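Below is work-v4.txt, which holds compact mmCIF, C-alpha atoms.
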# COMPACT_ATOMS: atom_id res chain seq x y z
CA MET A 1 23.00 -71.79 -42.94
CA GLU A 2 21.15 -74.16 -45.33
CA GLU A 3 17.47 -74.74 -46.02
CA THR A 4 16.15 -78.32 -46.18
CA SER A 5 13.39 -79.58 -48.43
CA THR A 6 10.86 -79.06 -45.66
CA GLY A 7 11.77 -75.39 -45.36
CA THR A 8 13.65 -75.84 -42.06
CA ARG A 9 16.90 -73.91 -41.72
CA VAL A 10 19.83 -75.69 -40.11
CA LEU A 11 23.32 -74.51 -39.19
CA ARG A 12 26.14 -76.30 -41.04
CA PRO A 13 29.83 -75.82 -40.26
CA SER A 14 31.69 -73.88 -42.87
CA PRO A 15 33.91 -76.08 -45.05
CA GLU A 16 36.83 -73.78 -44.26
CA VAL A 17 36.42 -74.23 -40.50
CA PRO A 18 36.85 -77.64 -38.83
CA GLU A 19 33.82 -78.85 -36.92
CA GLU A 20 35.70 -78.90 -33.59
CA GLN A 21 36.59 -75.22 -33.96
CA MET A 22 32.99 -74.37 -34.84
CA VAL A 23 31.73 -76.05 -31.68
CA GLN A 24 34.30 -74.14 -29.63
CA LYS A 25 33.21 -70.83 -31.16
CA LEU A 26 29.52 -71.52 -30.53
CA THR A 27 30.05 -72.56 -26.90
CA ALA A 28 32.78 -70.08 -25.97
CA PRO A 29 31.63 -67.50 -23.37
CA ASP A 30 31.23 -63.93 -24.53
CA PRO A 31 33.80 -61.77 -22.65
CA GLU A 32 31.31 -58.89 -22.41
CA LEU A 33 28.73 -61.11 -20.71
CA ASP A 34 31.35 -62.17 -18.17
CA GLY A 35 32.20 -58.59 -17.30
CA GLY A 36 35.50 -58.67 -19.06
CA GLY A 37 34.85 -55.95 -21.60
CA GLY A 38 32.84 -52.78 -22.08
CA GLY A 39 29.71 -51.98 -20.18
CA GLY A 40 27.94 -55.25 -20.99
CA PRO A 41 24.96 -55.96 -23.22
CA SER A 42 21.89 -53.79 -23.21
CA VAL A 43 18.90 -55.16 -21.36
CA ALA A 44 16.72 -54.05 -24.22
CA ASP A 45 18.60 -56.50 -26.49
CA GLU A 46 19.69 -59.16 -24.02
CA GLY A 47 16.85 -59.52 -21.50
CA ASP A 48 18.24 -62.84 -20.31
CA ASP A 49 21.25 -61.02 -18.88
CA LEU A 50 19.17 -59.58 -16.07
CA LEU A 51 19.58 -61.07 -12.65
CA ASP A 52 18.53 -64.63 -12.12
CA GLY A 53 19.89 -67.61 -10.27
CA GLU A 54 22.08 -68.73 -13.17
CA SER A 55 23.35 -65.40 -14.48
CA GLN A 56 27.06 -64.81 -14.98
CA HIS A 57 28.50 -62.64 -12.23
CA PRO A 58 30.81 -59.81 -13.22
CA SER A 59 34.32 -60.44 -11.92
CA SER A 60 36.32 -57.61 -10.38
CA ASN A 61 38.57 -56.98 -7.41
CA ILE A 62 35.84 -55.17 -5.51
CA LEU A 63 33.53 -58.20 -5.73
CA LEU A 64 36.30 -60.39 -4.36
CA LEU A 65 36.82 -57.97 -1.50
CA SER A 66 33.07 -57.94 -0.88
CA ARG A 67 32.96 -61.72 -0.62
CA VAL A 68 35.95 -61.81 1.73
CA GLY A 69 34.44 -59.00 3.80
CA LEU A 70 31.15 -60.86 4.13
CA VAL A 71 32.86 -64.02 5.34
CA CYS A 72 34.96 -62.03 7.81
CA THR A 73 31.85 -60.25 9.06
CA TYR A 74 30.08 -63.50 9.87
CA ALA A 75 33.21 -64.78 11.60
CA CYS A 76 33.39 -61.59 13.66
CA VAL A 77 29.71 -61.88 14.53
CA PHE A 78 30.10 -65.36 15.98
CA GLY A 79 33.31 -64.39 17.75
CA THR A 80 31.82 -61.21 19.19
CA GLY A 81 28.68 -63.04 20.25
CA GLY A 82 30.68 -65.61 22.19
CA TRP A 83 32.79 -62.93 23.83
CA ILE A 84 29.70 -60.93 24.82
CA LEU A 85 28.09 -63.97 26.44
CA TYR A 86 31.29 -64.71 28.37
CA TYR A 87 31.59 -61.08 29.48
CA LEU A 88 27.93 -61.11 30.56
CA MET A 89 28.39 -64.23 32.70
CA GLN A 90 31.42 -62.70 34.37
CA GLN A 91 29.71 -59.40 35.24
CA HIS A 92 26.02 -60.24 35.18
CA SER A 93 25.35 -58.24 38.35
CA GLU A 94 25.97 -54.92 36.59
CA ARG A 95 22.92 -53.66 34.72
CA HIS A 96 24.81 -51.52 32.22
CA VAL A 97 26.86 -54.53 31.14
CA PHE A 98 23.70 -56.59 30.68
CA ALA A 99 22.12 -53.82 28.56
CA TRP A 100 25.27 -53.50 26.46
CA ALA A 101 25.39 -57.29 25.87
CA VAL A 102 21.73 -57.48 24.88
CA ALA A 103 22.19 -54.55 22.52
CA GLY A 104 25.24 -56.29 21.05
CA ILE A 105 23.18 -59.35 20.21
CA PHE A 106 20.73 -57.24 18.20
CA VAL A 107 23.63 -55.48 16.46
CA CYS A 108 25.09 -58.87 15.53
CA LEU A 109 21.75 -59.73 13.94
CA ALA A 110 21.35 -56.43 12.08
CA VAL A 111 24.80 -55.79 10.60
CA PRO A 112 25.32 -59.08 8.70
CA LEU A 113 21.83 -58.86 7.19
CA SER A 114 22.50 -55.40 5.78
CA LEU A 115 26.02 -56.25 4.61
CA HIS A 116 24.70 -59.32 2.83
CA ASP A 117 22.11 -57.19 1.03
CA ILE A 118 24.87 -54.76 -0.01
CA HIS A 119 26.98 -57.68 -1.16
CA MET A 120 24.16 -58.99 -3.36
CA HIS A 121 23.72 -55.59 -5.00
CA LEU A 122 27.45 -55.51 -5.77
CA LEU A 123 27.26 -58.95 -7.34
CA HIS A 124 24.25 -58.01 -9.46
CA TYR A 125 24.82 -54.38 -10.37
CA VAL A 126 22.85 -53.41 -13.49
CA SER A 127 21.33 -50.00 -12.78
CA PRO A 128 22.40 -46.63 -11.31
CA LEU A 129 19.40 -46.91 -9.00
CA GLN A 130 21.26 -49.57 -7.05
CA LYS A 131 23.83 -46.97 -6.02
CA TYR A 132 21.14 -45.35 -3.87
CA TYR A 133 19.93 -48.72 -2.66
CA VAL A 134 23.46 -49.42 -1.38
CA ARG A 135 23.75 -46.02 0.30
CA ILE A 136 20.46 -46.50 2.09
CA LEU A 137 21.37 -50.04 3.18
CA TRP A 138 24.52 -48.66 4.83
CA MET A 139 22.31 -46.76 7.28
CA VAL A 140 21.64 -49.79 9.47
CA PRO A 141 25.30 -50.80 10.04
CA ILE A 142 26.30 -47.19 10.70
CA TYR A 143 23.48 -46.51 13.17
CA ALA A 144 23.78 -49.91 14.89
CA ILE A 145 27.57 -49.99 15.37
CA GLU A 146 27.78 -46.32 16.38
CA SER A 147 24.96 -46.66 18.94
CA TRP A 148 26.45 -49.86 20.39
CA LEU A 149 29.89 -48.29 20.82
CA ALA A 150 28.37 -45.11 22.29
CA LEU A 151 26.42 -47.25 24.75
CA ARG A 152 29.61 -48.82 26.09
CA PHE A 153 32.06 -45.93 25.77
CA LYS A 154 29.87 -43.18 27.16
CA ASP A 155 32.70 -40.65 27.45
CA GLN A 156 33.28 -40.78 23.68
CA LYS A 157 29.62 -40.94 22.62
CA ILE A 158 29.48 -37.35 21.35
CA TYR A 159 32.18 -38.08 18.75
CA LEU A 160 30.54 -41.31 17.64
CA GLU A 161 27.11 -39.70 17.30
CA THR A 162 28.52 -36.97 15.06
CA ALA A 163 29.40 -39.61 12.46
CA ARG A 164 25.82 -40.88 12.55
CA GLU A 165 24.15 -37.49 12.29
CA ALA A 166 26.32 -36.43 9.34
CA TYR A 167 25.21 -39.45 7.30
CA GLU A 168 23.38 -38.40 4.11
CA TYR A 169 20.32 -40.35 3.08
CA SER A 170 19.43 -40.82 -0.58
CA PHE A 171 15.73 -41.59 -0.82
CA TYR A 172 14.78 -38.39 -2.66
CA LYS A 173 17.65 -38.88 -5.10
CA LEU A 174 16.50 -42.45 -5.70
CA MET A 175 13.01 -41.31 -6.71
CA LEU A 176 14.40 -38.48 -8.82
CA THR A 177 16.76 -40.80 -10.70
CA PHE A 178 13.93 -43.27 -11.29
CA ILE A 179 11.79 -40.74 -13.18
CA GLY A 180 14.76 -39.38 -15.15
CA ARG A 181 18.45 -40.07 -15.65
CA ASP A 182 19.11 -36.33 -15.29
CA GLU A 183 17.17 -33.27 -14.17
CA ALA A 184 16.03 -32.44 -17.71
CA GLU A 185 14.54 -35.89 -18.23
CA ALA A 186 12.90 -35.78 -14.80
CA GLN A 187 11.35 -32.44 -15.72
CA ARG A 188 10.00 -33.95 -18.96
CA THR A 189 8.37 -36.70 -16.91
CA ILE A 190 6.71 -34.06 -14.72
CA ASP A 191 5.61 -32.08 -17.79
CA SER A 192 4.00 -35.23 -19.20
CA LEU A 193 1.57 -35.28 -16.26
CA GLY A 194 -0.39 -32.56 -18.04
CA ARG A 195 -0.85 -30.36 -14.97
CA SER A 196 0.50 -26.86 -14.51
CA HIS A 197 0.50 -26.65 -10.69
CA ALA A 198 0.88 -29.05 -7.78
CA HIS A 199 -1.99 -29.82 -5.43
CA MET A 200 -0.89 -28.34 -2.12
CA MET A 201 -1.55 -30.56 0.87
CA PHE A 202 -2.33 -29.68 4.50
CA PRO A 203 -1.21 -27.46 6.19
CA LEU A 204 -0.26 -25.36 3.13
CA CYS A 205 -3.59 -25.70 1.35
CA LYS A 206 -4.00 -21.92 1.00
CA VAL A 207 -0.44 -21.28 -0.20
CA GLU A 208 0.09 -20.46 -3.88
CA PRO A 209 0.58 -23.84 -5.61
CA TRP A 210 4.06 -24.74 -6.81
CA ARG A 211 4.48 -24.74 -10.58
CA LEU A 212 5.14 -28.18 -11.98
CA GLN A 213 6.49 -26.76 -15.21
CA GLY A 214 9.64 -24.68 -15.45
CA GLY A 215 11.54 -26.57 -12.74
CA GLN A 216 10.07 -24.84 -9.67
CA PHE A 217 8.62 -28.04 -8.23
CA LEU A 218 11.93 -29.89 -8.52
CA ARG A 219 13.90 -27.00 -7.01
CA VAL A 220 11.58 -26.52 -4.04
CA THR A 221 11.28 -30.21 -3.16
CA GLY A 222 15.00 -30.84 -3.69
CA LEU A 223 16.10 -27.97 -1.46
CA GLY A 224 13.41 -28.86 1.05
CA VAL A 225 14.73 -32.39 1.44
CA PHE A 226 18.45 -31.64 1.53
CA GLN A 227 18.21 -28.67 3.89
CA TYR A 228 17.50 -31.25 6.60
CA VAL A 229 20.84 -32.91 5.86
CA TRP A 230 22.61 -29.56 6.19
CA VAL A 231 20.78 -28.60 9.40
CA ARG A 232 21.42 -32.00 11.00
CA THR A 233 25.11 -31.89 10.11
CA PHE A 234 25.41 -28.32 11.39
CA PHE A 235 23.97 -29.21 14.80
CA ALA A 236 26.14 -32.33 14.98
CA VAL A 237 29.25 -30.17 14.64
CA VAL A 238 27.93 -27.41 16.92
CA GLY A 239 27.03 -30.10 19.45
CA LEU A 240 30.69 -31.03 19.70
CA VAL A 241 31.61 -27.45 20.60
CA ALA A 242 28.70 -27.15 23.04
CA GLU A 243 29.76 -30.37 24.76
CA TRP A 244 33.30 -29.09 25.22
CA THR A 245 32.09 -25.76 26.66
CA GLY A 246 29.35 -27.28 28.84
CA ASN A 247 26.49 -25.57 26.98
CA MET A 248 24.75 -28.66 25.58
CA GLY A 249 22.28 -29.05 28.44
CA GLU A 250 21.01 -32.53 27.61
CA GLY A 251 17.77 -33.29 29.43
CA LYS A 252 17.46 -29.74 30.80
CA LEU A 253 15.57 -27.94 27.98
CA GLN A 254 16.76 -24.48 29.07
CA TRP A 255 16.72 -21.42 26.83
CA ASP A 256 20.42 -20.80 27.34
CA LYS A 257 21.38 -24.37 26.36
CA LEU A 258 21.78 -25.82 22.88
CA GLU A 259 19.53 -28.87 23.21
CA LEU A 260 16.28 -26.87 23.39
CA TRP A 261 17.17 -24.85 20.28
CA GLU A 262 18.33 -27.97 18.48
CA LEU A 263 15.02 -29.66 19.29
CA ILE A 264 13.00 -26.73 17.89
CA ILE A 265 15.05 -26.07 14.76
CA VAL A 266 15.68 -29.70 13.79
CA ASN A 267 12.01 -30.49 14.33
CA ALA A 268 11.00 -27.66 11.99
CA SER A 269 13.64 -28.73 9.45
CA GLN A 270 12.61 -32.37 9.37
CA SER A 271 8.92 -31.46 9.19
CA TRP A 272 9.59 -29.36 6.08
CA ALA A 273 11.70 -32.16 4.55
CA LEU A 274 8.93 -34.63 5.26
CA TYR A 275 6.34 -32.34 3.66
CA CYS A 276 8.48 -31.96 0.51
CA LEU A 277 8.94 -35.72 0.23
CA VAL A 278 5.21 -36.33 0.59
CA MET A 279 4.48 -33.66 -2.03
CA PHE A 280 6.96 -35.24 -4.45
CA TYR A 281 5.41 -38.68 -3.94
CA HIS A 282 1.85 -37.35 -4.16
CA GLU A 283 2.40 -35.62 -7.50
CA LEU A 284 4.38 -38.49 -9.06
CA VAL A 285 2.63 -41.47 -7.55
CA VAL A 286 1.86 -42.99 -10.98
CA PRO A 287 5.38 -42.72 -12.53
CA LEU A 288 6.88 -43.99 -9.25
CA ALA A 289 4.52 -46.95 -8.83
CA ASP A 290 6.99 -49.67 -9.90
CA ILE A 291 9.60 -48.63 -7.33
CA ARG A 292 7.12 -48.98 -4.41
CA PRO A 293 8.05 -45.61 -2.89
CA PHE A 294 5.63 -45.71 0.06
CA PHE A 295 7.16 -48.89 1.52
CA LYS A 296 10.67 -47.49 1.09
CA PHE A 297 9.63 -44.12 2.49
CA VAL A 298 8.26 -45.67 5.69
CA SER A 299 11.31 -47.91 6.20
CA ILE A 300 13.74 -44.98 5.88
CA LYS A 301 11.80 -42.56 8.06
CA CYS A 302 11.61 -45.17 10.79
CA VAL A 303 15.41 -44.99 10.95
CA ILE A 304 15.97 -41.25 10.52
CA PHE A 305 12.94 -39.38 11.82
CA LEU A 306 11.61 -41.78 14.45
CA SER A 307 15.04 -42.03 16.07
CA PHE A 308 14.99 -38.24 16.46
CA TRP A 309 11.49 -38.20 17.98
CA GLN A 310 12.44 -41.08 20.25
CA GLY A 311 15.36 -39.03 21.57
CA ALA A 312 13.10 -36.01 22.01
CA PHE A 313 10.63 -37.96 24.17
CA ILE A 314 13.47 -39.36 26.28
CA SER A 315 14.75 -35.80 26.80
CA LEU A 316 11.27 -34.71 27.91
CA ALA A 317 11.15 -37.64 30.33
CA ALA A 318 14.49 -36.57 31.79
CA HIS A 319 13.28 -32.96 32.02
CA PHE A 320 10.31 -34.06 34.17
CA ASP A 321 12.58 -36.19 36.41
CA LEU A 322 11.26 -39.50 35.08
CA VAL A 323 14.87 -40.62 34.60
CA GLN A 324 16.89 -41.03 37.79
CA GLU A 325 20.68 -41.08 38.00
CA THR A 326 22.65 -43.91 39.62
CA GLU A 327 26.05 -44.25 41.26
CA MET A 328 27.82 -44.97 37.98
CA TYR A 329 25.67 -43.02 35.52
CA THR A 330 24.34 -39.50 35.57
CA GLU A 331 20.85 -38.60 34.35
CA GLU A 332 22.39 -37.44 31.08
CA ASP A 333 24.27 -40.73 30.64
CA ILE A 334 21.08 -42.75 31.21
CA GLU A 335 19.16 -40.57 28.76
CA LYS A 336 21.69 -41.06 25.96
CA GLY A 337 22.24 -44.71 26.88
CA LEU A 338 18.54 -45.50 26.65
CA GLN A 339 18.39 -43.86 23.20
CA ASP A 340 21.40 -45.85 21.98
CA PHE A 341 20.03 -49.10 23.40
CA LEU A 342 16.69 -48.66 21.66
CA ILE A 343 18.41 -47.85 18.36
CA CYS A 344 20.45 -51.07 18.60
CA VAL A 345 17.28 -53.10 19.08
CA GLU A 346 15.39 -51.27 16.34
CA MET A 347 18.17 -51.70 13.77
CA ALA A 348 17.62 -55.46 13.77
CA LEU A 349 14.01 -54.85 12.74
CA ALA A 350 15.07 -52.17 10.25
CA ALA A 351 17.54 -54.58 8.62
CA MET A 352 14.74 -57.10 8.05
CA ILE A 353 12.47 -54.43 6.57
CA HIS A 354 15.25 -53.07 4.34
CA ARG A 355 15.91 -56.61 3.12
CA SER A 356 12.50 -56.52 1.47
CA ALA A 357 12.21 -52.82 0.65
CA PHE A 358 15.65 -52.52 -1.01
CA SER A 359 16.20 -56.02 -2.33
CA HIS A 360 18.48 -56.72 -5.30
CA ARG A 361 15.58 -58.82 -6.61
CA ASP A 362 13.88 -55.59 -7.65
CA PHE A 363 16.29 -55.66 -10.59
CA ALA A 364 15.86 -59.36 -11.40
CA ARG A 365 14.32 -60.66 -14.59
CA GLY A 366 10.57 -60.46 -14.03
CA GLY A 367 11.04 -58.15 -11.04
CA PRO A 368 9.05 -54.95 -10.40
CA LEU A 369 11.62 -52.77 -12.16
CA MET A 370 11.94 -54.89 -15.29
CA THR A 371 9.92 -52.46 -17.42
CA HIS A 372 12.04 -49.54 -16.24
CA LEU A 373 15.29 -51.39 -16.98
CA ARG A 374 14.19 -52.21 -20.50
CA ALA A 375 13.07 -48.64 -21.11
CA VAL A 376 16.43 -47.14 -20.13
CA GLY A 377 18.52 -49.88 -21.74
CA ALA A 378 20.17 -50.91 -18.46
CA GLN A 379 23.55 -52.60 -18.66
CA ARG A 380 25.60 -54.71 -16.34
CA ARG A 381 28.01 -52.27 -14.68
CA SER A 382 31.13 -52.30 -12.60
CA ALA A 383 30.47 -52.80 -8.89
CA LYS A 384 32.80 -49.87 -8.13
CA VAL A 385 30.02 -47.50 -9.24
CA ALA A 386 27.74 -48.78 -6.47
CA MET A 387 30.24 -47.77 -3.79
Let me see the file written as structure tokens.
Amino acid sequence: MEETSTGTRVLRPSPEVPEEQMVQKLTAPDPELDGGGGGGPSVADEGDDLLDGESQHPSSNILLLSRVGLVCTYACVFGTGGWILYYLMQQHSERHVFAWAVAGIFVCLAVPLSLHDIHMHLLHYVSPLQKYYVRILWMVPIYAIESWLALRFKDQKIYLETAREAYEYSFYKLMLTFIGRDEAEAQRTIDSLGRSHAHMMFPLCKVEPWRLQGGQFLRVTGLGVFQYVWVRTFFAVVGLVAEWTGNMGEGKLQWDKLELWELIIVNASQSWALYCLVMFYHELVVPLADIRPFFKFVSIKCVIFLSFWQGAFISLAAHFDLVQETEMYTEEDIEKGLQDFLICVEMALAAMIHRSAFSHRDFARGGPLMTHLRAVGAQRRSAKVAM
């Protein structure tokens, strides 16, 4: 480095190093920036390494598999679509085949959209928050494919639906991780609000307010959210046993059948989980502003909670004989088939909403989470962590 007479500093090659070697050293790619070493540069020091159209992609086997999987998925979509249309033309007189084909078209729209979003997160993985983005994005393919298969293979639908009901959603964990990398840091964020107790919302306005300090608020809301996962999984497993023994009673709503008790208990469980989520958002609305929690909250609940209520209303319709059986399908088959068909259609819409609500662009340079990434010193990470 030399200084000219005008005060301008210029870079001169060292006399010991040939000029060609100096040029190679200055233009050679940094192995850490290419994902070849360490955890990558800190965003706080290397802001340009955040996602943009020209950023270097980390190279790993899982990214290669993701690319190959995406291409194969699109190939399968076109192949499946053509086969469905052919099958529909051959058996167009049967209504259940027509419904299955229409549902398949919506599934073919939904699944590639969600898998592409997951693929983009794997390519541009810079924050632990994206792990929860990926988990949430998997909801649409799981719900769509399971419902489509259950619609066609009605005798095996109880086994397929168990896989869907046991799926764990991660929205609460996403918000918790955003306000703190661990529980202690999250508690410090809550303490910084300067309030000692939470403002209880309807219908628990008269209940003793939860203490924000000391960890009570985090414990109550955390258990309140995840108890729904446990209850839903429990009834999914018990439903298998009840189906084998003939005690499920779908569409009958009898006191000696499981479906009525499942409807009551799961409804109470999800209502409490919903209340805890709303309380968490209400108390931390300012710290959570950058992550746009309300939009994400609505998009997730449309998949999880509304699908449950939709099934409940269909069961009520069957109970009041608004659903009539046919030669090929019983009243119970039509009830479950209608639920699965509607889920297939709705997953296409959910995939479009998730594309905006859980976009990898949230972590791009200049994106809504840029301030958060700089604050925590985010680094480019291995895509394996996102899985």
task = Can you pull out every residue within 8 Å of region 270-278 of chain A, counting only C-alpha atoms, but drop anything in the same chain fewer than 6 positions away, and send it as a PyMOL selection string?
result = chain A and resi 172+220-222+224-228+305
Nearest residue to Gly81 (chain A) from the set A:Cys108, A:Val266, A:Leu123, A:Met279 (distances using only C-alpha atoms) = A:Cys108
key: Separation of CA of Leu174 (chain A) from CA of Arg374 (chain A), in Å and rounded to one decimal   =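 Rounded to one decimal, the two atoms are 17.9 Å apart.
Of the listed residues A:Asp290, A:Glu262, A:Asp362, A:Asp117, the one whose atoms come nearest to Ile179 (chain A) is A:Asp290, with distances taken using only C-alpha atoms.
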Atom-to-atom span, CA of Trp148 (chain A) and CA of Gln130 (chain A), Å =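 A separation of 27.9 Å between them.
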message = Here is a test: counting only C-alpha atoms, which residue of A:Leu65, A:Leu349, A:Ile334, A:Leu204 is nearest to Ala317 (chain A)?
response =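 Nearest candidate to Ala317 (chain A) out of A:Leu65, A:Leu349, A:Ile334, A:Leu204: A:Ile334.
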message = I need the residue nearest Pro368 (chain A) from this list: A:Ala289, A:Pro203, A:Trp138, A:Val237. Use all atoms listed in the file for the distance.
response = A:Ala289
inquiry  = Can you measure CA of Met352 (chain A) to CA of Tyr281 (chain A) for me? One decimal in Å is fine.
reply    = 23.9 Å
Start from the incomplete input, build N, CA and C atoms for region 289-301 of chain A, and deliver everything as a PDB file, in the coordinates of the input.
ATOM      1  N   ALA A 289       5.225 -45.785  -9.360  1.00  0.00           N
ATOM      2  CA  ALA A 289       4.520 -46.950  -8.830  1.00  0.00           C
ATOM      3  C   ALA A 289       5.414 -48.196  -8.786  1.00  0.00           C
ATOM      4  N   ASP A 290       6.201 -48.436  -9.832  1.00  0.00           N
ATOM      5  CA  ASP A 290       6.990 -49.670  -9.900  1.00  0.00           C
ATOM      6  C   ASP A 290       8.056 -49.752  -8.814  1.00  0.00           C
ATOM      7  N   ILE A 291       8.511 -48.618  -8.319  1.00  0.00           N
ATOM      8  CA  ILE A 291       9.600 -48.630  -7.330  1.00  0.00           C
ATOM      9  C   ILE A 291       9.076 -48.776  -5.898  1.00  0.00           C
ATOM     10  N   ARG A 292       7.775 -48.843  -5.729  1.00  0.00           N
ATOM     11  CA  ARG A 292       7.120 -48.980  -4.410  1.00  0.00           C
ATOM     12  C   ARG A 292       7.633 -47.931  -3.420  1.00  0.00           C
ATOM     13  N   PRO A 293       7.440 -46.665  -3.720  1.00  0.00           N
ATOM     14  CA  PRO A 293       8.050 -45.610  -2.890  1.00  0.00           C
ATOM     15  C   PRO A 293       7.493 -45.537  -1.475  1.00  0.00           C
ATOM     16  N   PHE A 294       6.210 -45.868  -1.281  1.00  0.00           N
ATOM     17  CA  PHE A 294       5.630 -45.710   0.060  1.00  0.00           C
ATOM     18  C   PHE A 294       6.312 -46.663   1.052  1.00  0.00           C
ATOM     19  N   PHE A 295       6.503 -47.915   0.648  1.00  0.00           N
ATOM     20  CA  PHE A 295       7.160 -48.890   1.520  1.00  0.00           C
ATOM     21  C   PHE A 295       8.578 -48.450   1.856  1.00  0.00           C
ATOM     22  N   LYS A 296       9.307 -47.964   0.864  1.00  0.00           N
ATOM     23  CA  LYS A 296      10.670 -47.490   1.090  1.00  0.00           C
ATOM     24  C   LYS A 296      10.679 -46.246   1.961  1.00  0.00           C
ATOM     25  N   PHE A 297       9.731 -45.354   1.714  1.00  0.00           N
ATOM     26  CA  PHE A 297       9.630 -44.120   2.490  1.00  0.00           C
ATOM     27  C   PHE A 297       9.454 -44.432   3.984  1.00  0.00           C
ATOM     28  N   VAL A 298       8.535 -45.331   4.292  1.00  0.00           N
ATOM     29  CA  VAL A 298       8.260 -45.670   5.690  1.00  0.00           C
ATOM     30  C   VAL A 298       9.491 -46.320   6.338  1.00  0.00           C
ATOM     31  N   SER A 299      10.164 -47.212   5.620  1.00  0.00           N
ATOM     32  CA  SER A 299      11.310 -47.910   6.200  1.00  0.00           C
ATOM     33  C   SER A 299      12.464 -46.952   6.507  1.00  0.00           C
ATOM     34  N   ILE A 300      12.661 -45.938   5.647  1.00  0.00           N
ATOM     35  CA  ILE A 300      13.740 -44.980   5.880  1.00  0.00           C
ATOM     36  C   ILE A 300      13.400 -44.033   7.021  1.00  0.00           C
ATOM     37  N   LYS A 301      12.186 -43.521   7.024  1.00  0.00           N
ATOM     38  CA  LYS A 301      11.800 -42.560   8.060  1.00  0.00           C
ATOM     39  C   LYS A 301      11.781 -43.188   9.433  1.00  0.00           C
TER      40      LYS A 301
END
